[in-house]
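Down below is the structure, laid out as structure tokens.
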Amino acid sequence: MIQESNTTWQKATVIIAVLAVVVPVAVRYAWNVVVPANYLLYETTFTTKTSNVQTASVIVVNAGNAAQKQVTIYLPSTATNPKQTTIEISSPRNPNLRYLFEAEPKIPLTKYIDDTGSKIPIGNIDPGNEVRVTLAEASQSENLGIHALSLSDARVNSSAASGIKADGIRYPDLADDIHSIFLSASPYFLALLLAIFILFTVIGIIFTAFFDSPYKQMSRLWRQMDTLQEKIDKNRRYE
């Protein structure tokens, strides 16, 4: 009896030790998947043309739970004509206020010209905030098709993460990281779990109503009591 008890305690100790290591790691990994620390999203708007001016914007959102530092936007040299383009960088703000602010680009883009394009620093962004960079390209003629303003090839990076192109509402656009896959698939998983729960509930109701008579319920109860009594008698036999 003592040897059996020692073996049981050894098994319990091993299980507890394994769980003490595995559970925190698993919980932390799951937390980082659901709420990642570094998750930088950006979207580019369509180009709007009015008379001899065309405008477009890059909106950078910090959708993670850690501050993103040294956030920078990279534009290729083919995106716009720097000599005719001005920009405005908004201060970080809540995305719910996105459409309450008018943009008036006044800073020459030539200030941020790099060897291969333009490198626009927008500073730090706290979790849950966004920064809008608006570009306006003016032309002295009304023929804007010669050099159209296009931000489709823009890239965004910070000191901790690379930006993921989004669909406009903080959701990734065909990204392959684990958190993006979780966001895309979570509604389907929820619907599947809900469907399974409803199915089992309906089956249980049908079984109880048509197949589970009071006599069968009482028989199950007696079988459970007999099994429990056998376990009690066995434990008493080895005490």
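Starting from 1 in every chain, residues are counted up; chains themselves are A, B, ... following the order of the structure tokens, and ligands are numbered from 1 as listed.
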
Determine, using only C-alpha atoms, which residues of segment 109-153 of chain A have any atom at most 6 Å from an atom of segment 43-60 of chain A, and tabulate each with its shortest atom pair and distance in Å to one decimal place, rows ordered by chain and then rising number, as JSON lines.
{"residue": "A:Glu130", "atom": "CA", "partner": "A:Val60", "partner_atom": "CA", "distance": 5.4}
{"residue": "A:Val131", "atom": "CA", "partner": "A:Val60", "partner_atom": "CA", "distance": 5.3}
{"residue": "A:Arg132", "atom": "CA", "partner": "A:Ile59", "partner_atom": "CA", "distance": 4.4}
{"residue": "A:Val133", "atom": "CA", "partner": "A:Val58", "partner_atom": "CA", "distance": 5.2}
{"residue": "A:Thr134", "atom": "CA", "partner": "A:Ser57", "partner_atom": "CA", "distance": 4.3}
{"residue": "A:Leu135", "atom": "CA", "partner": "A:Ala56", "partner_atom": "CA", "distance": 5.5}
{"residue": "A:Ala136", "atom": "CA", "partner": "A:Thr55", "partner_atom": "CA", "distance": 4.3}
{"residue": "A:Glu137", "atom": "CA", "partner": "A:Gln54", "partner_atom": "CA", "distance": 5.3}
{"residue": "A:Ala138", "atom": "CA", "partner": "A:Val53", "partner_atom": "CA", "distance": 4.5}
{"residue": "A:Ser139", "atom": "CA", "partner": "A:Asn52", "partner_atom": "CA", "distance": 5.4}
{"residue": "A:Glu142", "atom": "CA", "partner": "A:Asn52", "partner_atom": "CA", "distance": 4.7}

Selection from above, C-alpha atoms, as a CSV table (one decimal), in the first residue's frame, can you write it?
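Contents of part37.csv, as written:
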chain,number,residue,atom,x,y,z
A,130,GLU,CA,-3.3,56.0,-35.8
A,131,VAL,CA,-1.4,58.5,-37.9
A,132,ARG,CA,-2.6,59.8,-41.3
A,133,VAL,CA,-0.1,61.0,-43.9
A,134,THR,CA,-1.8,63.0,-46.7
A,135,LEU,CA,-0.1,63.8,-50.0
A,136,ALA,CA,-1.2,66.3,-52.5
A,137,GLU,CA,0.3,66.6,-55.9
A,138,ALA,CA,-0.4,69.8,-57.8
A,139,SER,CA,0.1,70.5,-61.5
A,142,GLU,CA,-5.1,69.9,-65.9

inquiry  = I want to know what sits within 10 Å of Ala160 of chain A, based on only C-alpha atoms, with residues of the same chain fewer than 4 positions away left out; could you give that as a ChimeraX atom specification?
reply    = /A:37-40,66-71

Export, as a PDB file, in the first residue's frame, the selected residues with N, CA and C atoms.
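Output (result_12.pdb):
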ATOM      1  N   ALA A  37       1.919  41.938 -29.256  1.00  0.00           N
ATOM      2  CA  ALA A  37       2.534  43.191 -28.810  1.00  0.00           C
ATOM      3  C   ALA A  37       2.823  44.106 -29.992  1.00  0.00           C
ATOM      4  N   ASN A  38       3.429  43.557 -31.031  1.00  0.00           N
ATOM      5  CA  ASN A  38       3.805  44.357 -32.200  1.00  0.00           C
ATOM      6  C   ASN A  38       2.920  43.971 -33.384  1.00  0.00           C
ATOM      7  N   TYR A  39       1.978  44.847 -33.691  1.00  0.00           N
ATOM      8  CA  TYR A  39       1.050  44.575 -34.802  1.00  0.00           C
ATOM      9  C   TYR A  39       0.724  45.912 -35.458  1.00  0.00           C
ATOM     10  N   LEU A  40       1.480  46.211 -36.490  1.00  0.00           N
ATOM     11  CA  LEU A  40       1.391  47.504 -37.160  1.00  0.00           C
ATOM     12  C   LEU A  40       0.679  47.330 -38.496  1.00  0.00           C
ATOM     13  N   ALA A  66       1.734  47.249 -27.697  1.00  0.00           N
ATOM     14  CA  ALA A  66       2.995  47.902 -27.344  1.00  0.00           C
ATOM     15  C   ALA A  66       3.197  49.110 -28.250  1.00  0.00           C
ATOM     16  N   ALA A  67       3.833  50.138 -27.718  1.00  0.00           N
ATOM     17  CA  ALA A  67       4.083  51.344 -28.514  1.00  0.00           C
ATOM     18  C   ALA A  67       5.035  51.024 -29.665  1.00  0.00           C
ATOM     19  N   GLN A  68       4.731  51.571 -30.832  1.00  0.00           N
ATOM     20  CA  GLN A  68       5.588  51.403 -32.007  1.00  0.00           C
ATOM     21  C   GLN A  68       6.451  52.660 -32.160  1.00  0.00           C
ATOM     22  N   LYS A  69       7.756  52.470 -32.142  1.00  0.00           N
ATOM     23  CA  LYS A  69       8.690  53.593 -32.188  1.00  0.00           C
ATOM     24  C   LYS A  69       9.369  53.673 -33.544  1.00  0.00           C
ATOM     25  N   GLN A  70       9.733  54.895 -33.902  1.00  0.00           N
ATOM     26  CA  GLN A  70      10.443  55.158 -35.161  1.00  0.00           C
ATOM     27  C   GLN A  70       9.679  54.584 -36.370  1.00  0.00           C
ATOM     28  N   VAL A  71       8.404  54.883 -36.415  1.00  0.00           N
ATOM     29  CA  VAL A  71       7.584  54.422 -37.538  1.00  0.00           C
ATOM     30  C   VAL A  71       7.925  55.259 -38.771  1.00  0.00           C
TER      31      VAL A  71
END

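Using only C-alpha atoms, the shortest contact distance between Phe182 of chain A and any of A:Val33, A:Ala154, A:Ile205, A:Ile107 is found at A:Val33.
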
request  = Give the helix (DSSP H, G or I) residues of segment 10-238 of chain A, as assigned by DSSP on the backbone, as a PyMOL selection string.
outcome  = chain A and resi 10-34+82-84+95-100+109-112+144-146+178-210+214-237

key: Near-segment 109-121 of chain A list (8 Å; only C-alpha atoms; drop same-chain fewer than 3 positions) as a VMD selection string   = chain A and resid 70 to 78 82 to 83 85 to 87

message = Set the distance at 7 Å and use only C-alpha atoms: which residues neighbour Ala79 of chain A once local chain neighbours fewer than 6 positions away are removed? I'd like the list as a VMD selection string.
response = chain A and resid 149 to 151

Could you write those residues out with N, CA and C atoms, as a short mmCIF file (atom, residue, chain, number, x, y, z; two decimals), in the first residue's frame?
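The resulting file, out-v1.cif, is reproduced below:
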data_model
loop_
_atom_site.label_atom_id
_atom_site.label_comp_id
_atom_site.auth_asym_id
_atom_site.auth_seq_id
_atom_site.Cartn_x
_atom_site.Cartn_y
_atom_site.Cartn_z
N LEU A 149 -0.57 60.14 -58.95
CA LEU A 149 -0.19 59.87 -57.56
C LEU A 149 -0.70 58.48 -57.19
N SER A 150 0.19 57.59 -56.81
CA SER A 150 -0.19 56.21 -56.47
C SER A 150 0.60 55.75 -55.25
N LEU A 151 -0.12 55.27 -54.23
CA LEU A 151 0.52 54.82 -52.99
C LEU A 151 0.39 53.32 -52.80
#

Closest contacts (segment 110-210 of chain A/segment 61-64 of chain A, max 12 Å, only C-alpha atoms) as JSON lines:
{"residue": "A:Ile122", "atom": "CA", "partner": "A:Val61", "partner_atom": "CA", "distance": 11.7}
{"residue": "A:Asn124", "atom": "CA", "partner": "A:Asn62", "partner_atom": "CA", "distance": 9.6}
{"residue": "A:Ile125", "atom": "CA", "partner": "A:Asn62", "partner_atom": "CA", "distance": 6.3}
{"residue": "A:Asp126", "atom": "CA", "partner": "A:Asn62", "partner_atom": "CA", "distance": 6.6}
{"residue": "A:Pro127", "atom": "CA", "partner": "A:Asn62", "partner_atom": "CA", "distance": 5.3}
{"residue": "A:Gly128", "atom": "CA", "partner": "A:Asn62", "partner_atom": "CA", "distance": 5.6}
{"residue": "A:Asn129", "atom": "CA", "partner": "A:Asn62", "partner_atom": "CA", "distance": 5.8}
{"residue": "A:Glu130", "atom": "CA", "partner": "A:Val61", "partner_atom": "CA", "distance": 4.2}
{"residue": "A:Val131", "atom": "CA", "partner": "A:Val61", "partner_atom": "CA", "distance": 6.6}
{"residue": "A:Arg132", "atom": "CA", "partner": "A:Val61", "partner_atom": "CA", "distance": 8.8}
{"residue": "A:Val133", "atom": "CA", "partner": "A:Val61", "partner_atom": "CA", "distance": 11.5}
{"residue": "A:Val156", "atom": "CA", "partner": "A:Val61", "partner_atom": "CA", "distance": 10.4}
{"residue": "A:Asn157", "atom": "CA", "partner": "A:Asn62", "partner_atom": "CA", "distance": 11.3}
{"residue": "A:Ser158", "atom": "CA", "partner": "A:Asn62", "partner_atom": "CA", "distance": 10.3}
{"residue": "A:Ala160", "atom": "CA", "partner": "A:Gly64", "partner_atom": "CA", "distance": 11.3}
{"residue": "A:Ala161", "atom": "CA", "partner": "A:Gly64", "partner_atom": "CA", "distance": 10.4}
{"residue": "A:Ser162", "atom": "CA", "partner": "A:Asn62", "partner_atom": "CA", "distance": 11.3}
{"residue": "A:Gly163", "atom": "CA", "partner": "A:Val61", "partner_atom": "CA", "distance": 9.1}
{"residue": "A:Ile164", "atom": "CA", "partner": "A:Val61", "partner_atom": "CA", "distance": 9.8}
{"residue": "A:Lys165", "atom": "CA", "partner": "A:Val61", "partner_atom": "CA", "distance": 10.2}
{"residue": "A:Ala166", "atom": "CA", "partner": "A:Val61", "partner_atom": "CA", "distance": 9.3}
{"residue": "A:Asp167", "atom": "CA", "partner": "A:Val61", "partner_atom": "CA", "distance": 11.7}
{"residue": "A:Gly168", "atom": "CA", "partner": "A:Val61", "partner_atom": "CA", "distance": 9.8}
{"residue": "A:Ile169", "atom": "CA", "partner": "A:Val61", "partner_atom": "CA", "distance": 9.5}
{"residue": "A:Arg170", "atom": "CA", "partner": "A:Ala63", "partner_atom": "CA", "distance": 6.9}
{"residue": "A:Tyr171", "atom": "CA", "partner": "A:Ala63", "partner_atom": "CA", "distance": 9.2}
{"residue": "A:Pro172", "atom": "CA", "partner": "A:Ala63", "partner_atom": "CA", "distance": 10.4}
{"residue": "A:His179", "atom": "CA", "partner": "A:Gly64", "partner_atom": "CA", "distance": 10.4}
{"residue": "A:Ser180", "atom": "CA", "partner": "A:Ala63", "partner_atom": "CA", "distance": 11.3}

Let's have the selection written as an mmCIF file, in the first residue's frame, with C-alpha atoms.
data_model
loop_
_atom_site.group_PDB
_atom_site.id
_atom_site.type_symbol
_atom_site.label_atom_id
_atom_site.label_comp_id
_atom_site.auth_asym_id
_atom_site.auth_seq_id
_atom_site.Cartn_x
_atom_site.Cartn_y
_atom_site.Cartn_z
ATOM 1 C CA ILE A 122 6.109 59.766 -38.511
ATOM 2 C CA ASN A 124 5.967 56.952 -32.318
ATOM 3 C CA ILE A 125 2.422 55.570 -32.187
ATOM 4 C CA ASP A 126 0.829 54.377 -28.949
ATOM 5 C CA PRO A 127 -1.425 51.290 -28.894
ATOM 6 C CA GLY A 128 -4.856 51.971 -30.377
ATOM 7 C CA ASN A 129 -3.809 55.166 -32.154
ATOM 8 C CA GLU A 130 -3.267 55.973 -35.810
ATOM 9 C CA VAL A 131 -1.406 58.522 -37.915
ATOM 10 C CA ARG A 132 -2.597 59.792 -41.296
ATOM 11 C CA VAL A 133 -0.098 61.020 -43.894
ATOM 12 C CA VAL A 156 5.624 50.929 -43.450
ATOM 13 C CA ASN A 157 8.131 49.821 -40.814
ATOM 14 C CA SER A 158 8.881 50.542 -37.185
ATOM 15 C CA ALA A 160 10.000 46.529 -33.813
ATOM 16 C CA ALA A 161 7.812 45.349 -36.696
ATOM 17 C CA SER A 162 7.030 45.562 -40.377
ATOM 18 C CA GLY A 163 3.688 47.029 -41.316
ATOM 19 C CA ILE A 164 0.959 44.761 -42.689
ATOM 20 C CA LYS A 165 -1.313 46.125 -45.380
ATOM 21 C CA ALA A 166 -4.882 46.250 -44.078
ATOM 22 C CA ASP A 167 -8.333 46.412 -45.590
ATOM 23 C CA GLY A 168 -9.315 49.674 -43.905
ATOM 24 C CA ILE A 169 -10.779 48.535 -40.566
ATOM 25 C CA ARG A 170 -7.789 47.157 -38.673
ATOM 26 C CA TYR A 171 -7.994 43.821 -40.448
ATOM 27 C CA PRO A 172 -5.052 42.446 -42.430
ATOM 28 C CA HIS A 179 -2.601 36.696 -35.546
ATOM 29 C CA SER A 180 -3.923 37.674 -38.984
#

task = Go ahead and compute the interatomic distance for atom CA of Trp31 of chain A and atom CA of Leu19 of chain A, in Å to one decimal.
result = 17.3 Å
